[in-house]
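Peer 1: My questions all concern the structure below.
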Amino acid sequence: ANVARKEKKKKSFEAKREVSPNSETVFIMVSGDRSQVGKSSVCLGLLGSLLETGIATPQQIAYIKPATQCEKPTLISKFCRSRNIQSMPIGPVVYFSGFTRSFLNGKQPSSNVLLDKIFAAVKKISQGKKYVIVDGVGYPAVGSITGTSNAQIAAKLNVPVVLVGGKGVGNAVDSTNLNTAYFNSFGVSVLGSIFNKLPEEGYYSRVKCKEAVESYYNQFKPNHRIYGFIPEIKEL
């Protein structure tokens, strides 16, 4: 009976999933294992790499942050404007101060309506694009109180995730595993990780952390790809 209930719940969840907003476009959500880990910097790097390698022209790529806590101009929004990349740095869901209490009091749209707005915005910006970078907000569960966490948004959009982690070994791996499990619980695929802001010297230097973290994933989770270890740049 328990197995039947679990299977019924699984099928019910799968029925709510959408197809990707545009089947001809490659979508990637960039999410962090904590706030201020460098998600938007990684998004900026991905956009720059697509241009520099000639994989895509500015007209073929787009950037969107469907849910945000910040309405101030960002470096990535300035970059997109300077390169004529279509972007939406402030998406349809803004977690302004008091938003969650307003939601709980029934003064905001329902979770489904908010997710539909996000889906529509991503679908619109993806028209005619080869690649769309979807920028997450905070850590994966941010927005869960309103039913619009990063994982719930990724599930709605049916897009895979690249996680951005921080320095260290044990904490970096543990946080990655925890957040990967959260995404997986919503049926979202996590492709792998990028570890950011690693110092060049000391016990937790980039080289030492790279060796240990790669050793773990090679031994125990070979399907979780490690895309790189980015040094800390204090000027940024």
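Residues are referred to by chain and number: the chain letter is A, B, ... according to the order shown in the structure tokens, the number counts from 1 in that chain, and ligands are numbered separately from 1 in the order shown.
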Give me every strand (DSSP E or B) residue in range 1-168 of chain A, going by DSSP on the backbone, as a PyMOL selection string.

Peer 2: chain A and resi 26-32+61-64+67-68+86-88+93-94+131-135+161-165

Peer 1: Hey, what's within 10 Å of Gln69 in chain A if we count only C-alpha atoms and toss same-chain stuff fewer than 2 positions away? As an MDAnalysis selection string, please?

Peer 2: chainID A and resid 67 71:72 90 93:97 137:138 142:143

Peer 1: List as a ChimeraX atom specification the protein and nucleic acid residues near range 46-60 of chain A, meaning an atom at most 12 Å away when only C-alpha atoms are counted, but skip any in the same chain fewer than 6 places from it.

Peer 2: /A:24-26,28-30,39-40,76-77,79-87,125-135,162,194,227

Peer 1: Taking only C-alpha atoms into account, name the residue in A:Val42, A:Ile61, A:Met88, A:Ile118 that is nearest to Leu163 in chain A.

Peer 2: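 Once distances to Leu163 in chain A are computed over only C-alpha atoms, the minimum belongs to A:Val42.
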
Peer 1: Near Tyr217 in chain A, counting only C-alpha atoms, which residues have an atom at most 12 Å away, once you skip same-chain residues fewer than 4 positions from it, shown as a list in words?

Peer 2: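 Skipping anything fewer than 4 positions along the chain leaves Val169, Ala172, Val173, Asp174, Thr176, Asn177, Gly192, Ser193, Lys210, Glu211, Ala212, Val213, Lys221, Pro222, Asn223, His224, Arg225, Ile226 and Tyr227 of chain A.
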
Peer 1: Based on the backbone DSSP call, show me all residues of range 11-231 of chain A assigned helix (DSSP H, G or I), as a PyMOL selection string.

Peer 2: chain A and resi 11-16+39-52+58-60+75-82+99-104+111-125+144-146+150-157+170-185+206-220

Peer 1: Near Thr146 in chain A, counting only C-alpha atoms, which residues have an atom at most 10 Å away, once you skip same-chain residues fewer than 4 positions from it, shown as number ranges by chain?

Peer 2: A: 95, 99-101, 103-104, 108-112, 114, 142

Peer 1: What are the closest atom pairs, with distances in Å to one decimal, for all residues of range 62-180 of chain A lying within 7 Å of range 196-203 of chain A? Consider only C-alpha atoms, order rows by chain and residue number, and present the result as a tab-separated table.

Peer 2:
residue	atom	partner	partner_atom	distance
A:Val164	CA	A:Asn196	CA	6.7
A:Gly165	CA	A:Asn196	CA	6.0
A:Gly166	CA	A:Asn196	CA	5.1
A:Lys167	CA	A:Leu198	CA	5.0

Peer 1: Write the residues you've just listed into a file as a PDB file, in the first residue's frame, and include C-alpha atoms for each of them.

Peer 2:
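What follows is the written file result-v5.pdb:
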ATOM      1  CA  VAL A 164      28.227  26.768  -7.546  1.00  0.00           C
ATOM      2  CA  GLY A 165      30.028  25.852  -4.348  1.00  0.00           C
ATOM      3  CA  GLY A 166      32.649  27.502  -2.186  1.00  0.00           C
ATOM      4  CA  LYS A 167      36.093  26.749  -0.855  1.00  0.00           C
TER       5      LYS A 167
END
